[in-house]
>>> print(open('my_file.txt').read())   # compact mmCIF, C-alpha atoms
# COMPACT_ATOMS: atom_id res chain seq x y z
CA MET A 109 18.41 24.36 1.22
CA LEU A 110 14.58 24.34 1.15
CA ALA A 111 14.64 28.01 0.15
CA THR A 112 16.62 27.10 -2.95
CA ILE A 113 14.07 24.46 -3.88
CA LEU A 114 11.04 26.65 -3.22
CA ALA A 115 12.55 29.44 -5.31
CA GLN A 116 12.26 27.19 -8.37
CA TYR A 117 8.50 27.32 -7.87
CA GLY A 118 8.49 31.07 -7.45
CA LEU A 119 8.02 30.84 -3.69
CA ALA A 120 10.19 33.20 -1.68
CA ASP A 121 11.26 31.93 1.74
CA THR A 122 10.65 35.37 3.24
CA HIS A 123 6.92 34.89 2.59
CA CYS A 124 6.66 31.18 3.44
CA ARG A 125 6.34 29.18 6.62
CA VAL A 126 7.73 25.66 6.32
CA LEU A 127 6.57 23.16 8.95
CA PRO A 128 7.11 19.39 9.40
CA PHE A 129 3.98 17.53 8.31
CA GLY A 130 2.44 14.06 8.58
CA THR A 131 3.53 10.75 10.04
CA GLY A 132 4.89 9.00 6.94
CA LEU A 133 8.04 6.92 7.41
CA ILE A 134 9.37 6.82 3.85
CA ASN A 135 9.46 10.35 2.43
CA ARG A 136 10.23 13.49 4.41
CA THR A 137 7.31 15.92 4.27
CA TRP A 138 6.71 19.58 5.05
CA LYS A 139 3.71 21.89 4.81
CA VAL A 140 4.50 25.16 3.06
CA VAL A 141 2.27 28.16 3.73
CA ASP A 142 2.71 31.37 1.76
CA ASP A 143 0.58 34.49 1.59
CA THR A 144 -2.10 33.01 -0.68
CA GLN A 145 -1.85 29.22 -0.76
CA GLU A 146 -0.70 26.09 1.06
CA TYR A 147 1.44 23.29 -0.34
CA ILE A 148 2.98 19.96 0.58
CA LEU A 149 6.72 19.64 -0.07
CA GLN A 150 8.25 16.16 -0.12
CA LYS A 151 11.75 14.78 -0.35
CA ILE A 152 11.53 11.37 -2.01
CA ASN A 153 13.46 8.64 -0.23
CA GLY A 154 16.24 7.66 -2.61
CA GLN A 155 17.09 4.58 -0.53
CA VAL A 156 13.64 3.13 -1.23
CA PHE A 157 13.11 4.52 -4.73
CA SER A 158 16.27 4.07 -6.80
CA ASN A 159 15.03 6.34 -9.60
CA PRO A 160 12.69 9.01 -8.19
CA VAL A 161 12.31 10.64 -11.61
CA HIS A 162 10.40 7.52 -12.69
CA ILE A 163 7.81 8.35 -10.03
CA SER A 164 7.36 11.81 -11.48
CA GLU A 165 7.02 10.41 -14.99
CA ASN A 166 4.39 7.91 -13.83
CA ILE A 167 2.38 10.59 -12.05
CA GLY A 168 2.64 12.88 -15.06
CA ALA A 169 1.29 10.17 -17.36
CA LEU A 170 -1.59 9.45 -14.98
CA ALA A 171 -2.37 13.17 -14.67
CA ASP A 172 -2.57 13.51 -18.45
CA TYR A 173 -4.90 10.52 -18.62
CA PHE A 174 -7.23 11.86 -15.94
CA ASP A 175 -7.25 15.30 -17.57
CA ALA A 176 -8.24 13.74 -20.88
CA TYR A 177 -10.76 11.10 -19.79
CA HIS A 178 -11.87 11.85 -16.23
CA PRO A 179 -11.40 15.58 -15.66
CA GLY A 180 -13.85 15.54 -12.75
CA TYR A 181 -11.64 13.24 -10.67
CA LEU A 182 -9.59 14.96 -7.98
CA PHE A 183 -6.04 14.04 -8.94
CA VAL A 184 -3.45 15.79 -6.79
CA LYS A 185 -0.54 16.30 -9.16
CA PRO A 186 2.81 17.98 -8.51
CA VAL A 187 3.30 21.66 -9.25
CA LYS A 188 5.60 22.30 -12.22
CA THR A 189 8.71 24.36 -11.63
CA LEU A 190 9.19 27.75 -13.25
CA THR A 191 12.74 26.85 -14.21
CA THR A 192 12.38 23.53 -16.04
CA GLY A 193 8.63 22.88 -16.22
CA ALA A 194 9.17 19.51 -14.55
CA GLY A 195 7.12 18.18 -11.66
CA TYR A 196 10.18 17.77 -9.48
CA VAL A 197 13.43 19.41 -8.42
CA LEU A 198 16.77 17.64 -8.28
CA TYR A 199 19.03 19.11 -5.61
CA GLU A 200 22.28 17.58 -4.33
CA ASN A 201 21.28 14.13 -5.65
CA ASP A 202 17.90 14.28 -3.92
CA CYS A 203 14.49 14.61 -5.58
CA TYR A 204 11.82 16.99 -4.26
CA ARG A 205 8.26 17.71 -5.34
CA LEU A 206 5.66 20.31 -4.44
CA LEU A 207 1.95 19.44 -4.29
CA PRO A 208 -1.03 21.72 -3.74
CA PHE A 209 -2.64 21.30 -0.34
CA VAL A 210 -6.33 20.46 -0.86
CA PRO A 211 -8.47 22.83 1.24
CA ALA A 212 -10.95 21.36 3.74
CA SER A 213 -9.30 17.95 3.51
CA GLN A 214 -7.87 15.58 6.08
CA THR A 215 -6.23 12.17 6.46
CA TYR A 216 -6.47 9.48 9.14
CA ASP A 217 -3.74 7.34 10.65
CA THR A 218 -6.02 4.57 11.94
CA VAL A 219 -9.22 2.92 10.71
CA SER A 220 -11.55 3.50 13.64
CA THR A 221 -14.93 2.80 11.99
CA PRO A 222 -16.31 0.54 9.24
CA GLN A 223 -17.40 3.67 7.38
CA LEU A 224 -13.80 4.82 7.04
CA ALA A 225 -12.85 1.37 5.74
CA PHE A 226 -15.70 1.53 3.22
CA GLU A 227 -14.77 5.01 2.00
CA ALA A 228 -11.10 4.08 1.61
CA ALA A 229 -11.85 0.83 -0.22
CA GLN A 230 -14.23 2.69 -2.51
CA GLN A 231 -11.54 5.23 -3.36
CA PHE A 232 -8.90 2.63 -4.16
CA GLY A 233 -11.40 0.69 -6.23
CA ARG A 234 -12.48 3.84 -8.10
CA PHE A 235 -8.87 4.77 -8.83
CA THR A 236 -8.19 1.42 -10.50
CA ARG A 237 -11.55 1.36 -12.30
CA LEU A 238 -11.08 4.80 -13.83
CA LEU A 239 -7.67 3.70 -15.11
CA ARG A 240 -8.97 0.45 -16.65
CA ASP A 241 -8.04 1.56 -20.19
CA PHE A 242 -4.68 3.03 -19.24
CA ASP A 243 -1.71 1.24 -20.83
CA THR A 244 -0.01 -0.38 -17.83
CA SER A 245 3.11 -1.11 -19.87
CA SER A 246 3.83 2.62 -20.02
CA LEU A 247 4.37 2.80 -16.25
CA HIS A 248 7.79 2.43 -14.66
CA MET A 249 8.25 -0.18 -11.93
CA THR A 250 9.27 2.19 -9.14
CA ILE A 251 10.08 -0.70 -6.77
CA ARG A 252 10.77 -3.85 -8.74
CA ASP A 253 9.39 -7.10 -7.28
CA PHE A 254 7.68 -5.11 -4.52
CA HIS A 255 4.91 -7.68 -4.02
CA ASN A 256 6.56 -10.70 -5.64
CA LEU A 257 5.67 -13.49 -3.20
CA THR A 258 7.78 -16.05 -5.05
CA LEU A 259 10.86 -13.91 -4.52
CA ARG A 260 10.04 -13.28 -0.85
CA TYR A 261 9.69 -17.01 -0.19
CA LYS A 262 13.05 -17.69 -1.88
CA GLN A 263 14.58 -14.99 0.31
CA LEU A 264 13.12 -16.74 3.35
CA GLU A 265 14.69 -20.04 2.30
CA GLN A 266 18.02 -18.29 1.86
CA ALA A 267 17.75 -16.64 5.28
CA ILE A 268 17.01 -20.03 6.87
CA GLU A 269 20.20 -21.39 5.31
CA GLN A 270 22.51 -18.40 5.76
CA GLY A 271 21.05 -16.28 8.53
CA ASN A 272 21.90 -15.96 12.22
CA PRO A 273 22.09 -19.59 13.48
CA GLN A 274 20.85 -18.75 16.97
CA ARG A 275 17.89 -16.78 15.65
CA ILE A 276 17.06 -19.58 13.22
CA ARG A 277 16.93 -22.10 16.09
CA GLN A 278 14.80 -19.80 18.21
CA SER A 279 12.41 -19.17 15.29
CA ARG A 280 11.89 -22.82 14.39
CA GLU A 281 8.18 -22.93 15.25
CA LEU A 282 7.51 -19.77 13.27
CA ILE A 283 9.53 -21.05 10.31
CA ASP A 284 7.62 -24.34 10.35
CA PHE A 285 4.28 -22.55 10.25
CA LEU A 286 5.26 -20.31 7.36
CA GLN A 287 6.58 -23.29 5.41
CA SER A 288 3.34 -25.16 6.09
CA GLN A 289 1.46 -22.34 4.31
CA HIS A 290 3.52 -22.61 1.12
CA GLY A 291 0.29 -23.32 -0.72
CA ILE A 292 -0.32 -19.56 -0.71
CA VAL A 293 2.84 -19.14 -2.81
CA LYS A 294 1.77 -21.89 -5.22
CA ALA A 295 -1.67 -20.31 -5.60
CA TYR A 296 -0.13 -16.89 -6.28
CA GLU A 297 2.12 -18.37 -8.95
CA THR A 298 -0.78 -20.20 -10.60
CA TYR A 299 -3.16 -17.24 -10.69
CA THR A 300 -0.56 -14.80 -12.01
CA SER A 301 1.28 -17.04 -14.48
CA GLN A 302 -1.95 -18.28 -16.03
CA LYS A 303 -3.29 -14.70 -16.17
CA LEU A 304 -6.30 -15.59 -14.03
CA PHE A 305 -5.61 -12.30 -12.28
CA LYS A 306 -5.58 -9.27 -14.57
CA LEU A 307 -2.69 -6.82 -14.61
CA ARG A 308 -4.02 -3.34 -13.77
CA VAL A 309 -2.89 0.05 -12.53
CA THR A 310 -2.52 -0.68 -8.83
CA HIS A 311 -1.69 1.61 -5.91
CA HIS A 312 0.26 -1.00 -3.88
CA ASP A 313 0.14 0.93 -0.58
CA THR A 314 -3.47 1.14 0.56
CA LYS A 315 -3.05 2.15 4.19
CA ILE A 316 -5.72 4.56 5.39
CA SER A 317 -3.36 7.56 5.45
CA ASN A 318 -3.11 7.35 1.65
CA VAL A 319 -6.72 8.44 1.22
CA LEU A 320 -7.78 12.06 1.33
CA PHE A 321 -11.13 12.73 3.07
CA ASN A 322 -13.32 15.79 3.34
CA THR A 323 -14.21 17.27 6.72
CA GLU A 324 -17.27 14.99 6.96
CA GLY A 325 -15.24 11.81 6.53
CA LYS A 326 -16.16 11.15 2.90
CA GLY A 327 -13.41 9.93 0.61
CA LEU A 328 -12.10 12.42 -1.96
CA CYS A 329 -9.26 10.62 -3.72
CA VAL A 330 -6.15 8.50 -3.18
CA ILE A 331 -2.78 10.13 -2.62
CA ASP A 332 0.90 9.16 -2.27
CA LEU A 333 1.27 7.62 -5.72
CA ASP A 334 4.93 6.63 -5.50
CA THR A 335 4.16 2.91 -5.68
CA VAL A 336 1.55 3.08 -8.44
CA MET A 337 2.65 0.38 -10.88
CA PRO A 338 1.20 -2.48 -12.90
CA GLY A 339 -0.06 -5.06 -10.41
CA TYR A 340 -2.89 -7.28 -9.24
CA PHE A 341 -5.97 -6.53 -7.21
CA ILE A 342 -4.67 -8.76 -4.41
CA SER A 343 -2.03 -6.14 -3.57
CA ASP A 344 -4.53 -3.36 -2.90
CA VAL A 345 -7.30 -5.44 -1.36
CA GLY A 346 -4.81 -7.51 0.62
CA ASP A 347 -3.06 -4.49 2.09
CA MET A 348 -6.39 -3.02 3.17
CA MET A 349 -7.28 -6.27 4.88
CA ARG A 350 -3.86 -6.45 6.51
CA THR A 351 -4.05 -2.92 7.91
CA TYR A 352 -7.81 -2.35 8.47
CA LEU A 353 -9.18 -5.62 9.86
CA SER A 354 -7.51 -5.61 13.26
CA PRO A 355 -7.53 -2.74 15.74
CA ALA A 356 -3.96 -3.73 16.61
CA SER A 357 -1.11 -2.59 14.37
CA GLU A 358 1.80 -4.74 13.22
CA GLU A 359 3.76 -3.37 16.21
CA GLU A 360 1.44 -4.92 18.82
CA ALA A 361 3.16 -7.56 20.94
CA ASP A 362 0.06 -8.53 22.95
CA LEU A 363 -1.35 -11.23 20.68
CA GLU A 364 -4.74 -11.19 22.39
CA LYS A 365 -5.34 -7.76 20.87
CA ILE A 366 -4.94 -9.10 17.33
CA ILE A 367 -8.49 -9.86 16.26
CA ILE A 368 -10.48 -9.68 13.04
CA ARG A 369 -13.37 -7.21 13.00
CA ASP A 370 -16.00 -8.76 10.72
CA GLU A 371 -17.79 -5.50 9.98
CA PHE A 372 -14.55 -3.97 8.71
CA PHE A 373 -14.14 -6.80 6.20
CA TYR A 374 -17.72 -6.31 5.01
CA ALA A 375 -16.97 -2.61 4.59
CA ILE A 376 -13.81 -3.26 2.55
CA ALA A 377 -15.58 -5.75 0.30
CA SER A 378 -18.62 -3.50 -0.17
CA GLY A 379 -16.56 -0.41 -0.96
CA TYR A 380 -14.12 -2.05 -3.35
CA LEU A 381 -16.57 -4.31 -5.16
CA GLY A 382 -19.02 -1.44 -5.50
CA GLU A 383 -16.48 0.11 -7.85
CA MET A 384 -14.65 -2.90 -9.27
CA GLN A 385 -17.04 -5.83 -9.46
CA ASP A 386 -17.84 -5.37 -13.15
CA GLU A 387 -14.12 -5.11 -13.92
CA MET A 388 -13.13 -8.28 -12.07
CA THR A 389 -13.17 -11.83 -13.33
CA THR A 390 -15.12 -14.55 -11.55
CA THR A 391 -11.82 -16.06 -10.42
CA GLU A 392 -10.76 -12.75 -8.89
CA ILE A 393 -14.03 -12.34 -7.00
CA ASP A 394 -13.82 -15.94 -5.78
CA HIS A 395 -10.33 -15.17 -4.43
CA PHE A 396 -11.13 -11.89 -2.75
CA VAL A 397 -10.25 -13.28 0.70
CA PHE A 398 -7.10 -14.83 -0.75
CA ALA A 399 -5.83 -11.26 -1.15
CA GLY A 400 -5.67 -10.89 2.62
CA LYS A 401 -3.93 -14.23 3.07
CA TYR A 402 -1.38 -13.30 0.41
CA MET A 403 -0.44 -9.90 1.84
CA ILE A 404 -0.40 -10.89 5.51
CA TYR A 405 1.65 -14.02 4.75
CA MET A 406 4.12 -12.05 2.67
CA GLN A 407 4.60 -9.42 5.37
CA ALA A 408 5.14 -12.10 8.01
CA ILE A 409 7.82 -13.61 5.77
CA ARG A 410 9.49 -10.23 5.26
CA PHE A 411 9.65 -9.52 8.99
CA LEU A 412 11.07 -12.96 9.73
CA ILE A 413 13.66 -12.65 6.96
CA ASP A 414 14.88 -9.43 8.52
CA HIS A 415 15.02 -11.01 11.97
CA LEU A 416 17.07 -13.95 10.67
CA ASN A 417 19.36 -11.53 8.81
CA ASN A 418 20.04 -9.43 11.92
CA ASP A 419 17.57 -6.63 11.16
CA VAL A 420 19.44 -5.19 8.19
CA TYR A 421 16.33 -3.97 6.30
CA TYR A 422 13.66 -2.74 8.70
CA GLY A 423 16.00 -2.17 11.62
CA ALA A 424 14.89 -2.88 15.19
CA ARG A 425 14.10 -0.69 18.18
CA TYR A 426 14.67 -3.58 20.57
CA GLU A 427 15.98 -7.16 20.53
CA GLY A 428 13.51 -9.42 18.74
CA HIS A 429 11.51 -6.54 17.25
CA ASN A 430 11.13 -8.10 13.81
CA PHE A 431 10.49 -11.53 15.32
CA ASN A 432 7.57 -10.02 17.25
CA ARG A 433 6.34 -8.32 14.10
CA ALA A 434 6.43 -11.65 12.27
CA VAL A 435 4.52 -13.38 15.09
CA ASN A 436 2.00 -10.53 14.98
CA GLN A 437 1.37 -11.08 11.27
CA VAL A 438 1.21 -14.87 11.64
CA THR A 439 -1.40 -14.41 14.36
CA LEU A 440 -3.40 -12.13 12.08
CA LEU A 441 -3.16 -14.70 9.28
CA GLN A 442 -4.38 -17.45 11.60
CA GLN A 443 -7.32 -15.30 12.64
CA LEU A 444 -8.18 -14.66 8.99
CA LEU A 445 -8.01 -18.35 8.13
CA LEU A 446 -10.69 -18.98 10.76
CA LYS A 447 -12.95 -16.47 9.01
CA GLU A 448 -12.12 -17.46 5.44
CA LYS A 449 -15.35 -19.33 4.62
CA LEU A 450 -17.57 -16.74 6.33
CA PHE A 451 -15.95 -13.90 4.40
CA SER A 452 -15.88 -15.77 1.09
CA ASP A 453 -19.59 -16.55 1.40
CA PHE A 454 -20.27 -12.85 2.01
CA VAL A 455 -18.32 -11.79 -1.11
CA ILE A 456 -20.00 -14.36 -3.31
CA SER A 457 -23.49 -13.54 -2.03
CA LYS A 458 -22.88 -9.81 -2.37
CA SER A 459 -21.59 -10.23 -5.91
CA TYR A 460 -24.62 -12.33 -6.82
CA LEU A 461 -27.05 -9.80 -5.37
CA GLN A 462 -25.37 -6.90 -7.18
CA THR A 463 -25.47 -8.83 -10.44
CA GLN A 464 -29.16 -9.57 -10.00
CA GLY A 465 -29.88 -6.03 -8.90
>>> encode(input="my_file.txt", output="structure tokens")
Amino acid sequence: MLATILAQYGLADTHCRVLPFGTGLINRTWKVVDDTQEYILQKINGQVFSNPVHISENIGALADYFDAYHPGYLFVKPVKTLTTGAGYVLYENDCYRLLPFVPASQTYDTVSTPQLAFEAAQQFGRFTRLLRDFDTSSLHMTIRDFHNLTLRYKQLEQAIEQGNPQRIRQSRELIDFLQSQHGIVKAYETYTSQKLFKLRVTHHDTKISNVLFNTEGKGLCVIDLDTVMPGYFISDVGDMMRTYLSPASEEEADLEKIIIRDEFFYAIASGYLGEMQDEMTTTEIDHFVFAGKYMIYMQAIRFLIDHLNNDVYYGARYEGHNFNRAVNQVTLLQQLLLKEKLFSDFVISKSYLQTQG
């Protein structure tokens, strides 16, 4: 099967080694090594992305823009097939793409130092800044309502009414806390409906493994562009805060390990604002920490919804898996709330100093 796909790129399976690659959970990925070059081959998850061709069209439009206006930026774009000239192959109702492997590059699965957090935040900020004049309306929504907090809260209310009655009773304390934080939903609705947050080209999946680094740990570019869509800065900044601030992942059940590392927040803010401050409104800068509250809260809601609905979306490796994930994210949110003023003061002071400087 893979040989048939590779042949459309002029790669003969007799000269290629195809090896499983990476730790991503959404798309299936292989590294392809032929006599002269290395590639990354991916099968796009059709269960997550209902129209994978839209992803290819988005990436093609972004590639054309970078070629025209920022040719020096390292944009890893799919290889075009010899048969159709498209950046993808459709085979048995699945969509595949081939990307060049960037020599002397690496990725990380965890954020172990503030410097890594800084480099990643800088890269995501640079990506959005360079695309500031790109027409966001020309991009497809590859996952509609992906970060729509209003929708997620409505889904929570529905799960509370129609979900597993026993799980609802057992989750009462968690439900009460999430409902008590409904002000985050109201704030999100106000800032977006009144256009106090600007619609920009946004990555939407800013985990550390979606940044390509050189061998010295310096950021090169962002990768995995499947979720690049019109969006708000709170999605990218919030996801970095959600996944970089604590040394414990969302799978950690020992709540004492869920802490906020101040220096990692300072690194995120410094890296992102170093690129984006002049592009952001005063309201956006004032709500930089809100981004973390928004994303962590939304993920807690999503985990709890799945628990109440018998684990139909994320699945569960053990009984109560998604409940524990939800508690994990609520704990992280509570830790962030304790630091909110400290972090907001840092952002405001940093922005003032950069403006004066």
>>> atom_distance(input="my_file.txt", atom1="atom CA of Ala115 of chain A", atom2="atom CA of Asp143 of chain A")
14.7 Å
>>> closest_residue(input="my_file.txt", among="A:Pro222, A:Pro160, A:Gly118, A:Gly233", to="Asp202 of chain A", atoms="all atoms listed in the file")
A:Pro160
>>> closest_residue(input="my_file.txt", among="A:Lys401, A:Leu363, A:Leu286, A:Ser354", to="Ile342 of chain A", atoms="all atoms listed in the file")
A:Lys401
>>> closest_residue(input="my_file.txt", among="A:Tyr173, A:Phe411, A:Phe396, A:Tyr422", to="Phe454 of chain A", atoms="all atoms listed in the file")
A:Phe396
>>> residues_around(input="my_file.txt", residues="segment 375-379 of chain A", least_positions_apart="3", cutoff="6 Å", atoms="only C-alpha atoms", output="compact mmCIF listing (two decimals) with C-alpha atoms, in the frame of the given file")
# COMPACT_ATOMS: atom_id res chain seq x y z
CA PRO A 222 -16.31 0.54 9.24
CA ALA A 225 -12.85 1.37 5.74
CA PHE A 226 -15.70 1.53 3.22
CA ALA A 229 -11.85 0.83 -0.22
CA GLN A 230 -14.23 2.69 -2.51
CA PHE A 372 -14.55 -3.97 8.71
CA GLY A 382 -19.02 -1.44 -5.50
>>> atom_distance(input="my_file.txt", atom1="atom CA of Leu206 of chain A", atom2="atom CA of Leu182 of chain A")
16.5 Å
>>> closest_residue(input="my_file.txt", among="A:Asp344, A:Glu387, A:Glu200, A:Asp217", to="Lys151 of chain A", atoms="all atoms listed in the file")
A:Glu200
>>> residues_around(input="my_file.txt", residues="Ser279 of chain A", least_positions_apart="4", cutoff="8 Å", atoms="only C-alpha atoms", output="PDB file with C-alpha atoms, keeping the file's coordinate frame")
ATOM      1  CA  ARG A 275      17.890 -16.780  15.650  1.00  0.00           C
ATOM      2  CA  ILE A 283       9.530 -21.050  10.310  1.00  0.00           C
ATOM      3  CA  PHE A 431      10.490 -11.530  15.320  1.00  0.00           C
TER       4      PHE A 431
END
>>> residues_around(input="my_file.txt", residues="Met403 of chain A", least_positions_apart="3", cutoff="8 Å", atoms="all atoms listed in the file", output="ChimeraX atom specification")
/A:342-343,346-347,350,399-400,406-407
>>> closest_residue(input="my_file.txt", among="A:Ser301, A:Asn432, A:Thr189, A:Gln263", to="Gln116 of chain A", atoms="all atoms listed in the file")
A:Thr189
>>> build_atoms(input="my_file.txt", residues="segment 191-206 of chain A", atoms="N, CA and C atoms", output="CSV table (one decimal), in the coordinates of the input")
chain,number,residue,atom,x,y,z
A,191,THR,N,11.4,26.9,-13.6
A,191,THR,CA,12.7,26.8,-14.2
A,191,THR,C,12.8,25.8,-15.3
A,192,THR,N,12.3,24.6,-15.1
A,192,THR,CA,12.4,23.5,-16.0
A,192,THR,C,11.0,23.0,-16.5
A,193,GLY,N,10.0,23.4,-15.8
A,193,GLY,CA,8.6,22.9,-16.2
A,193,GLY,C,8.4,21.5,-15.8
A,194,ALA,N,9.3,20.9,-15.0
A,194,ALA,CA,9.2,19.5,-14.6
A,194,ALA,C,8.4,19.5,-13.3
A,195,GLY,N,7.9,18.3,-12.9
A,195,GLY,CA,7.1,18.2,-11.7
A,195,GLY,C,8.0,17.8,-10.5
A,196,TYR,N,9.3,18.1,-10.6
A,196,TYR,CA,10.2,17.8,-9.5
A,196,TYR,C,11.4,18.7,-9.6
A,197,VAL,N,12.2,18.7,-8.5
A,197,VAL,CA,13.4,19.4,-8.4
A,197,VAL,C,14.5,18.4,-8.0
A,198,LEU,N,15.6,18.4,-8.7
A,198,LEU,CA,16.8,17.6,-8.3
A,198,LEU,C,17.8,18.6,-7.6
A,199,TYR,N,18.1,18.3,-6.4
A,199,TYR,CA,19.0,19.1,-5.6
A,199,TYR,C,20.0,18.2,-4.8
A,200,GLU,N,21.3,18.4,-5.1
A,200,GLU,CA,22.3,17.6,-4.3
A,200,GLU,C,21.9,16.1,-4.3
A,201,ASN,N,21.6,15.6,-5.5
A,201,ASN,CA,21.3,14.1,-5.6
A,201,ASN,C,20.0,13.7,-5.0
A,202,ASP,N,19.2,14.6,-4.5
A,202,ASP,CA,17.9,14.3,-3.9
A,202,ASP,C,16.8,14.8,-4.8
A,203,CYS,N,15.6,14.2,-4.7
A,203,CYS,CA,14.5,14.6,-5.6
A,203,CYS,C,13.4,15.2,-4.7
A,204,TYR,N,12.9,16.3,-5.0
A,204,TYR,CA,11.8,17.0,-4.3
A,204,TYR,C,10.6,17.3,-5.2
A,205,ARG,N,9.4,17.3,-4.6
A,205,ARG,CA,8.3,17.7,-5.3
A,205,ARG,C,7.4,18.6,-4.5
A,206,LEU,N,6.6,19.4,-5.1
A,206,LEU,CA,5.7,20.3,-4.4
A,206,LEU,C,4.2,20.0,-4.9
